[in-house]
Amino acid sequence: MLAGVVFVALMGASIRVHAQQASNPIARDQILRTGLSSDGEVHVMHVQGNVYMLVGAGGNITVQAGDDGVLVVDTGVTRMSDKVLAAIKSISNKPIRYVINTSADLDHVGGNEPIAEAGSTIAGGNVVGDIGASAGNQATVIAAQEVLDRVSAPTGKEPAIPQGAWPTDTFTTHEKKLYFNGEPVEIIHEPNAHTDGDSIVFFHKSDVVSTGDIFVTEDYPNIDAARGGSIQGELNALVHVIDLTTVIAMQEGGTMVIPGHGRLCDQADVVFYQEMVTIIRDRIQDMLKKGMTIEQVQAANPTMDYDPRYRVDTGPWTTRIFIEAVYNSLKQGPPSEHGQ
Amino acid sequence: MAVLLRDVYNGFVIRRMFTEGKNRKNVVRSVFFCDKTLAPVGRARGLSHVQSQVKGAMRTANWARVTLFLILVIIGSALFSASAVAQIDPSGDWSPRFHEDEPERIPGPEIGDYLGLPINAAARLRGDSWDATLLELPENQCRAHATDYAWRGPSNIRIWKEVDVPTQKVVAYHIYTSAYNESRTIWMDGRPHPPPYAAHTWLGFSTGQWEGDTLTVTTDHLKENWVRRNGIDRSDEAVVTEHFLRHGDYLTVAVITYDPVYLTEPFIRTTDFVYDPAQVIAPWPCEAVDEVDRPEGVVPSHLPGTNPFLNEFPANYGIPPEAARGGAETMYPEYKLKMKQMKLLPRPKTKAHDR
């Protein structure tokens with residue numbers, strides 16, 4: 001009898017504790033939602049194989065390290081660069097050879113200059129010929145051509161970021177391949193998704209995909225129409241990530257996915273997200289077919305069932321803007337795709 | 001002796017009905033209820049408060065149910081007391097019994113049956129939009145059951161402990177669940193949970209501690225998963241508490257799911273298992289295949305307001321459609337009184353119903 005009474009008390013206490021935790025998910029996920037940690041530090045997590053995930057510098061950063069040196073996917077915001085470099089040093093003392101940008105977003109390219117300058121490129125042959133005599137002074141910065149177009153500016157105009165932070169090695173094809181630290185590294189352009197310059201990076205042997213902002217875990221996808229993004233391109237990219245990934249069993253494990261923002265994922269997480277975005281797209285498409293205006297669509301709340309998890313009402317990318325972006329993207333039809 | 005306990009915690013009344021004799025050996029059955037708040041309560045109350053509520057709780061109990069329950073318990077005690085042993089270690093092979101919610105567990109739930117689920121409007125719309133065809137997609141065919149749902153699968157389970165040999169301390173309990181070949185670890189060594197940016201899995205990250213004779217386990221880092229297999233999911237932000245209670249040859253696992261996204265109240269389920277040392281667990285491979293040739297990226301779903309199947313459940317079972325929509329209110333026995341005032345849908349005329 002007494003044991004039963006004690007048990008009820010314990011059970012009640014555990015409910016109280018978790019009800020309190022559950023009532024404040026925003027605080028729990030601050031590092032996921034903002035990309036910046038409450039302690040101001042950059043946190044390192046080993047993903048698998050040669051690949052690590054750095055969290056707390058803005059956008060997530062992927063680091064691949066091995067005997068050949070260090071490859072960095074995205075560089076976070078500028079002010080966190082020292083801490084990013086310290087975090088990279090905690091993984092490897094080898095030189096940074098490559099920086100890859102998944103988009104032109106400032107929270108992904110902000111640290112390009114200091115981080116590339118901390119590295120070096122093995123120059124010689126046509127590498128010097130392509131880049132110039134200073135090729136060896138910094139890591140090579142790789143991105144789709146559209147990223148350079150977005151961050152640079154003609155002479156006399158103000159660029160989005162300083163010239164030292166611009167990509168030094170761009171590609172206009174569907175993909176660019178490297179073989180680095182004993183594994184193929186595939187940089188795949190995903191046209192007109194989040195923007196027109198998105199790339200995902202697939203580390204074949206480590207079995208990790210770094211998606212940039214094509215895939216995030218804390219809000220709806222940022223479809224930046226002004227920079228060439230589209231809902232269909234976004235969905236195509238998500239399906240492509242799913243295609244690239246392989247599970248071990250029971251829809252779990254295997255290829256790990258590092259999102260542009262948020263927690264580490266695998267295929268199932270991307271599937272849930274792709275299903276959500278597709279369902280919302282289908283609803284707005286149906287409303288568009290019925291002749292509904294954007295105001296009517298907003299009032300119908302096509303994201304209602306996913307809002308408790310993903311809705312954002314403040315900042316530059318709110319749920320209302322997302323709905324409007326999907327609406328406008330569907331109204332305009334598929335954009336002309338580059339690099340396909 | 002049958003006792004109904006009730007206590008109020010954080011806005012919820014937790015009731016535990018159990019029977020016991022002079023010692024723990026004869027405790028054969030316990031049932032948990034989460035009851036709605038009877039009066040505003042500002043904070044959790046202590047043990048003395050629990051004891052003081054027992055008399056009041058007994059006065060308000062449904063004595064017809066208690067009497068029936070007591071008869072079953074006496075019969076059960078007579079049948080099983082000979083083999084019961086006083087143990088609290090949950091190690092062993094355990095076989096499920098399907099007397100709890102059998103229609104939902106084995107044939108599977110009906111479309112649109114949200115009865116008894118403390119869901120919010122968002123979860124309801126997700127359920128309404130859900131198309132069972134979604135399970136045909138290769139990516140969903142082998143989707144496993146998560147920690148809080150796995151007990152309700154067709155799950156034969158095996159529990160064993162991992163001991164640190166020099167200190168003889170229990171480092172972990174391991175649980176193998178037959179459904180979906182799932183292997184789970186409950187860490188008992190006090191290690192911290194992973195950071196929020198770590199991966200989530202179907203089974204999450206579990207740590208346990210003994211609270212008296214009860215093993216209490218906290219699990220987070222869960223992937224989104226079923227509350228009911230008809231499109232009602234809880235989110236990946238859920239935290240699950242489990243209480244393992246062993247009464248001789250019976251194991252009761254009480255699961256409490258807290259989800260700030262889709263549940264308005266904690267969702268409590270208990271599942272019973274019987275000790276079965278001769279149990280043979282078959283493998284459970286799962287291979288995803290292309291069952292239907294579809295364009296890539298298609299996600300079957302019903303647009304809002306277009307799901308034609310939602311009324312089948314209330315019509316076929318004679319349940320008011322309003323009740324079938326679920327919500328915390330529908331968890332409580334008092335809701336039956338409210339249901340009597342609700343209108344029913346006409347039952348479809350089929351041979352089955354004519355019988």
# chains A, B, ... in the order shown; residues from 1 in each chain; ligands from 1
>>> select_by_dssp(residues="stretch 5-216 of chain A", states="alpha helix (DSSP H)", output="VMD selection string")
chain A and resid 5 to 22 25 to 28 30 to 34 81 to 91 106 to 109 112 to 117 125 to 131 145 to 151
>>> closest_atom_pairs(of="stretch 226-338 of chain A", to="stretch 127-133 of chain B", cutoff="12 Å", atoms="only C-alpha atoms", output="JSON lines")
{"residue": "A:Glu275", "atom": "CA", "partner": "B:Trp130", "partner_atom": "CA", "distance": 10.8}
{"residue": "A:Met276", "atom": "CA", "partner": "B:Ser129", "partner_atom": "CA", "distance": 10.9}
{"residue": "A:Ile279", "atom": "CA", "partner": "B:Ser129", "partner_atom": "CA", "distance": 8.7}
{"residue": "A:Ile280", "atom": "CA", "partner": "B:Ser129", "partner_atom": "CA", "distance": 10.7}
{"residue": "A:Asp282", "atom": "CA", "partner": "B:Ser129", "partner_atom": "CA", "distance": 11.4}
{"residue": "A:Arg283", "atom": "CA", "partner": "B:Ser129", "partner_atom": "CA", "distance": 10.4}
{"residue": "A:Pro302", "atom": "CA", "partner": "B:Ser129", "partner_atom": "CA", "distance": 11.5}
{"residue": "A:Thr303", "atom": "CA", "partner": "B:Ser129", "partner_atom": "CA", "distance": 11.9}
{"residue": "A:Met304", "atom": "CA", "partner": "B:Ser129", "partner_atom": "CA", "distance": 11.6}
{"residue": "A:Asp305", "atom": "CA", "partner": "B:Gly127", "partner_atom": "CA", "distance": 9.2}
{"residue": "A:Tyr306", "atom": "CA", "partner": "B:Gly127", "partner_atom": "CA", "distance": 11.7}
>>> write_last_selection(atoms="C-alpha atoms", output="short mmCIF file (atom, residue, chain, number, x, y, z; two decimals), in the first residue's frame")
data_model
loop_
_atom_site.label_atom_id
_atom_site.label_comp_id
_atom_site.auth_asym_id
_atom_site.auth_seq_id
_atom_site.Cartn_x
_atom_site.Cartn_y
_atom_site.Cartn_z
CA GLU A 275 6.17 15.21 -46.91
CA MET A 276 5.21 18.30 -44.94
CA ILE A 279 1.38 18.62 -48.46
CA ILE A 280 1.50 22.39 -47.90
CA ASP A 282 -0.51 20.76 -52.65
CA ARG A 283 -2.94 22.71 -50.46
CA PRO A 302 -2.61 26.00 -45.01
CA THR A 303 0.20 25.32 -42.54
CA MET A 304 -2.03 25.02 -39.49
CA ASP A 305 -1.21 21.40 -38.63
CA TYR A 306 2.54 21.97 -38.77
#
>>> interface_residues(of="chain B", to="chain A", cutoff="7 Å", atoms="only C-alpha atoms", output="number ranges by chain")
B: 9-10, 14, 47, 50, 122-123, 125-126, 139, 142-144, 180, 196-200, 258-261, 286, 297, 299, 301, 303
>>> residues_around(residues="A:Glu117", least_positions_apart="3", cutoff="9 Å", atoms="only C-alpha atoms", output="list in words")
Ile96, Asn112, Glu113, Pro114, Ser120, Asn137, Gln138, Ala139 and Gly164 of chain A
>>> write_last_selection(atoms="C-alpha atoms", output="tab-separated table (two decimals), in the first residue's frame")
chain	number	residue	atom	x	y	z
A	96	ILE	CA	42.44	23.99	-44.35
A	112	ASN	CA	34.87	32.82	-45.59
A	113	GLU	CA	37.70	35.33	-45.47
A	114	PRO	CA	39.33	34.54	-42.10
A	120	SER	CA	46.37	27.22	-48.00
A	137	ASN	CA	48.05	31.82	-49.75
A	138	GLN	CA	44.59	30.66	-48.78
A	139	ALA	CA	42.22	27.74	-49.02
A	164	GLY	CA	38.51	38.39	-49.84
>>> residues_around(residues="B:Glu100", least_positions_apart="5", cutoff="10 Å", atoms="only C-alpha atoms", output="list in words")
Arg105, Arg152, Arg269, Thr270, Thr271 and Asp272 of chain B
